[in-house]
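With mmCIF, C-alpha atoms and all ligand atoms inside, this is upload18.cif:
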```cif
data_coords
loop_
_atom_site.group_PDB
_atom_site.id
_atom_site.type_symbol
_atom_site.label_atom_id
_atom_site.label_comp_id
_atom_site.auth_asym_id
_atom_site.auth_seq_id
_atom_site.Cartn_x
_atom_site.Cartn_y
_atom_site.Cartn_z
ATOM 1 C CA MET E 1 0.000 0.000 0.000
ATOM 2 C CA VAL E 2 1.428 3.368 -1.061
ATOM 3 C CA GLN E 3 -0.347 6.605 -0.146
ATOM 4 C CA ASN E 4 -3.570 4.681 0.485
ATOM 5 C CA TYR E 5 -3.530 3.123 -2.975
ATOM 6 C CA THR E 6 -3.006 -0.589 -3.352
ATOM 7 C CA PHE E 7 -0.829 -2.268 -5.936
ATOM 8 C CA SER E 8 -0.563 -5.836 -7.056
ATOM 9 C CA ARG E 9 1.944 -7.640 -9.242
ATOM 10 C CA SER E 10 1.321 -10.043 -12.087
ATOM 11 C CA ASN E 11 3.643 -12.737 -10.751
ATOM 12 C CA LYS E 12 5.773 -13.458 -7.685
ATOM 13 C CA ASN E 13 9.085 -12.717 -9.423
ATOM 14 C CA SER E 14 7.989 -9.395 -10.813
ATOM 15 C CA ILE E 15 9.303 -6.254 -9.124
ATOM 16 C CA VAL E 16 6.642 -4.156 -10.841
ATOM 17 C CA TRP E 17 3.459 -3.605 -8.883
ATOM 18 C CA ALA E 18 0.614 -2.057 -10.839
ATOM 19 C CA CYS E 19 -2.291 -0.185 -9.331
ATOM 20 C CA SER E 20 -5.093 -2.499 -8.224
ATOM 21 C CA SER E 21 -7.515 -0.320 -10.170
ATOM 22 C CA ARG E 22 -5.643 -0.678 -13.472
ATOM 23 C CA HIS E 23 -8.473 -2.707 -14.988
ATOM 24 C CA ALA E 24 -11.437 -0.993 -13.389
ATOM 25 C CA SER E 25 -10.163 2.552 -13.928
ATOM 26 C CA ARG E 26 -7.475 1.986 -16.609
ATOM 27 C CA CYS E 27 -5.058 3.515 -14.125
ATOM 28 C CA GLU E 28 -1.409 3.690 -15.232
ATOM 29 C CA ALA E 29 0.143 4.140 -11.793
ATOM 30 C CA LYS E 30 2.790 1.614 -10.788
ATOM 31 C CA VAL E 31 5.683 1.110 -8.412
ATOM 32 C CA LYS E 32 8.835 -0.987 -8.571
ATOM 33 C CA ILE E 33 10.090 -2.628 -5.423
ATOM 34 C CA ASP E 34 13.470 -4.350 -5.620
ATOM 35 C CA LYS E 35 14.436 -7.561 -3.828
ATOM 36 C CA ASP E 36 15.511 -5.665 -0.688
ATOM 37 C CA GLY E 37 12.031 -4.238 -0.393
ATOM 38 C CA THR E 38 13.143 -0.776 -1.486
ATOM 39 C CA LEU E 39 10.774 1.309 -3.540
ATOM 40 C CA VAL E 40 12.980 2.133 -6.541
ATOM 41 C CA TYR E 41 10.547 3.698 -8.962
ATOM 42 C CA HIS E 42 7.078 5.072 -8.790
ATOM 43 C CA LEU E 43 4.519 6.669 -11.032
ATOM 44 C CA LEU E 44 1.826 7.734 -8.638
ATOM 45 C CA THR E 45 -0.560 9.656 -10.846
ATOM 46 C CA HIS E 46 -3.838 7.876 -10.371
ATOM 47 C CA ASN E 47 -6.946 8.767 -12.306
ATOM 48 C CA HIS E 48 -9.278 7.779 -9.466
ATOM 49 C CA PRO E 49 -9.633 8.278 -5.693
ATOM 50 C CA PRO E 50 -7.938 5.749 -3.388
ATOM 51 C CA PRO E 51 -10.022 2.653 -2.681
ATOM 52 C CA LYS E 52 -11.587 2.429 0.733
ATOM 53 C CA TYR E 53 -10.425 -0.455 2.834
ATOM 54 C CA HIS E 54 -11.721 -2.055 5.916
ATOM 55 C CA VAL E 55 -9.115 -3.756 8.117
ATOM 56 C CA THR E 56 -10.373 -6.943 9.744
ATOM 57 C CA ASN E 57 -9.356 -8.304 13.163
ATOM 58 C CA THR E 58 -6.852 -10.591 11.466
ATOM 59 C CA GLY E 59 -5.178 -7.666 9.678
ATOM 60 C CA ASP E 60 -6.611 -8.440 6.269
ATOM 61 C CA TYR E 61 -7.601 -5.586 4.020
ATOM 62 C CA ILE E 62 -11.011 -5.906 2.490
ATOM 63 C CA LYS E 63 -11.870 -3.524 -0.294
ATOM 64 C CA ILE E 64 -15.095 -1.738 0.425
ATOM 65 C CA LYS E 65 -17.101 -1.704 -2.732
ATOM 66 C CA PRO E 66 -19.019 1.452 -3.356
ATOM 67 C CA ILE E 67 -22.688 0.636 -3.097
ATOM 68 C CA ASP E 68 -24.759 1.320 -6.169
ATOM 69 C CA TYR E 69 -27.655 3.631 -5.701
ATOM 70 C CA LYS E 70 -29.841 5.793 -7.842
ATOM 71 C CA ILE E 71 -31.734 8.974 -7.217
ATOM 72 C CA ILE E 72 -35.358 8.606 -8.170
ATOM 73 C CA LYS E 73 -38.308 10.924 -8.395
ATOM 74 C CA SER E 74 -41.363 9.904 -6.453
ATOM 75 C CA SER E 75 -44.703 11.437 -5.687
ATOM 76 C CA ARG E 76 -43.184 12.433 -2.327
ATOM 77 C CA GLY E 77 -40.057 14.072 -3.753
ATOM 78 C CA LYS E 78 -36.502 12.907 -4.291
ATOM 79 C CA LEU E 79 -35.628 9.459 -2.997
ATOM 80 C CA VAL E 80 -32.493 7.333 -3.054
ATOM 81 C CA MET E 81 -32.942 3.744 -4.126
ATOM 82 C CA VAL E 82 -30.500 1.156 -2.720
ATOM 83 C CA GLN E 83 -30.979 -2.579 -3.289
ATOM 84 C CA GLY E 84 -34.643 -2.028 -4.114
ATOM 85 C CA TYR E 85 -35.334 -0.038 -0.951
ATOM 86 C CA THR E 86 -35.984 3.677 -0.974
ATOM 87 C CA PHE E 87 -34.538 6.230 1.418
ATOM 88 C CA SER E 88 -35.566 9.807 1.987
ATOM 89 C CA SER E 89 -33.660 12.718 3.437
ATOM 90 C CA PRO E 90 -35.178 15.106 6.000
ATOM 91 C CA ASN E 91 -33.640 18.169 4.335
ATOM 92 C CA LYS E 92 -31.289 19.185 1.542
ATOM 93 C CA GLN E 93 -28.293 19.660 3.836
ATOM 94 C CA SER E 94 -28.546 16.238 5.413
ATOM 95 C CA ILE E 95 -26.179 13.504 4.264
ATOM 96 C CA VAL E 96 -28.210 10.897 6.143
ATOM 97 C CA TRP E 97 -31.025 9.201 4.271
ATOM 98 C CA THR E 98 -33.430 7.089 6.285
ATOM 99 C CA CYS E 99 -35.635 4.242 5.054
ATOM 100 C CA SER E 100 -38.933 5.433 3.615
ATOM 101 C CA SER E 101 -40.672 2.812 5.762
ATOM 102 C CA ARG E 102 -39.278 4.089 9.050
ATOM 103 C CA ASN E 103 -42.715 5.318 10.125
ATOM 104 C CA SER E 104 -44.906 2.484 8.871
ATOM 105 C CA ASN E 105 -42.539 -0.346 9.847
ATOM 106 C CA ARG E 106 -40.317 1.351 12.431
ATOM 107 C CA CYS E 107 -37.421 0.433 10.156
ATOM 108 C CA THR E 108 -34.080 1.827 11.331
ATOM 109 C CA ALA E 109 -32.170 1.315 8.072
ATOM 110 C CA LYS E 110 -30.232 4.345 6.885
ATOM 111 C CA VAL E 111 -27.427 5.332 4.520
ATOM 112 C CA LYS E 112 -25.068 8.271 4.234
ATOM 113 C CA ILE E 113 -24.138 9.973 0.975
ATOM 114 C CA ASP E 114 -21.178 12.316 1.241
ATOM 115 C CA ARG E 115 -20.560 15.425 -0.857
ATOM 116 C CA GLN E 116 -18.592 13.403 -3.390
ATOM 117 C CA GLY E 117 -21.673 11.270 -3.931
ATOM 118 C CA THR E 118 -20.213 8.184 -2.274
ATOM 119 C CA LEU E 119 -22.757 6.104 -0.477
ATOM 120 C CA ALA E 120 -21.597 4.773 2.873
ATOM 121 C CA CYS E 121 -23.705 1.963 4.149
ATOM 122 C CA ASP E 122 -24.688 2.644 7.687
ATOM 123 C CA ASN E 123 -27.408 0.124 8.338
ATOM 124 C CA LEU E 124 -29.022 -1.792 5.505
ATOM 125 C CA ALA E 125 -30.869 -4.292 7.710
ATOM 126 C CA HIS E 126 -34.525 -3.682 6.944
ATOM 127 C CA ASN E 127 -37.285 -5.355 8.910
ATOM 128 C CA HIS E 128 -39.587 -5.522 5.873
ATOM 129 C CA PRO E 129 -39.475 -6.551 2.192
ATOM 130 C CA PRO E 130 -38.587 -3.907 -0.407
ATOM 131 C CA PRO E 131 -41.525 -1.750 -1.470
ATOM 132 C CA LYS E 132 -43.036 -2.257 -4.897
ATOM 133 C CA TYR E 133 -42.997 0.692 -7.234
ATOM 134 C CA HIS E 134 -44.681 1.493 -10.480
ATOM 135 C CA ILE E 135 -42.698 3.801 -12.784
ATOM 136 C CA THR E 136 -44.848 6.239 -14.726
ATOM 137 C CA ASP E 137 -44.164 7.482 -18.253
ATOM 138 C CA THR E 138 -42.568 10.604 -16.787
ATOM 139 C CA GLY E 139 -40.146 8.517 -14.692
ATOM 140 C CA VAL E 140 -41.883 9.095 -11.394
ATOM 141 C CA TYR E 141 -41.923 6.191 -8.936
ATOM 142 C CA VAL E 142 -45.323 5.558 -7.419
ATOM 143 C CA LYS E 143 -45.511 3.163 -4.508
ATOM 144 C CA ILE E 144 -48.006 0.370 -5.159
HETATM 145 ZN ZN ZN E 201 -4.502 3.858 -9.539
HETATM 146 ZN ZN ZN E 202 -36.481 -0.251 5.674
#
```

Translate the structure of the given file into structure tokens.
Ligand SMILES: [Zn+2]
Ligand SMILES: [Zn+2]
Amino acid sequence: MVQNYTFSRSNKNSIVWACSSRHASRCEAKVKIDKDGTLVYHLLTHNHPPPKYHVTNTGDYIKIKPIDYKIIKSSRGKLVMVQGYTFSSPNKQSIVWTCSSRNSNRCTAKVKIDRQGTLACDNLAHNHPPPKYHITDTGVYVKI
């Protein structure tokens, strides 16, 4: 790991480590580490933000995948849809979106979306099945 970016090499004898995002982001960044473990060369211009990692109890790094979401229009205003569930935000400044069913089902599921638009999963454990929506011709989601 160099400056929060991770690199991997194509084979065990290679001293060239290429950015782990070279396929996903076509990133050209790479480092060379010689047999003594010295960083001898680096090209650290990435075309993407560093991946987010979660360190487990055993010291393993697990890449946190950004969660896919979409912003939808509904009869009740803007909603965020994650894994088929919808979330609403109390106001425009809030980064916390709570499950649309929090009142009807006392669901405590919520997500956070930061200013960069990255969704951080806070609690995706719903106590109810995902709501069913009908999408109108104008793209508005109407709860069935
Ligand atoms: Zn990179
Ligand atoms: Zn819920």

Surroundings of ligand ZN 202 (chain E) up to 10 Å, based on all atoms listed in the file, as a ChimeraX atom specification
/E:85-87,98-110,123-131

Result set of the PyMOL selection byres (((not hetatm)) within 12 of (chain E and resi 201)) on the coordinates above, as JSON, numbers by chain:
{"E": [1, 2, 3, 4, 5, 6, 7, 8, 17, 18, 19, 20, 21, 22, 23, 24, 25, 26, 27, 28, 29, 30, 31, 42, 43, 44, 45, 46, 47, 48, 49, 50, 51]}

Would you pick out the contacts of Thr38 of chain E at 12 Å or less, using only C-alpha atoms, so that residues sharing its chain but fewer than 6 positions from it are not included, and give the list as a ChimeraX atom specification?
/E:15-16,31-32

To verify the selection step, state as number ranges by chain which residues the PyMOL selection byres (((chain E and resi 73) around 10) and not hetatm) yields on this input.
E: 70-72, 74-81, 135, 138-142

To test the calculation: enclose all listed atoms of segment 87-102 of chain E in a box whose edges run along x, y and z, add 8 Å on each side, then state centre and edge lengths in Å to one decimal, as lines of an AutoDock Vina configuration file.
```
center_x = -33.4
center_y = 11.2
center_z = 5.2
size_x = 30.5
size_y = 32.8
size_z = 23.6
```
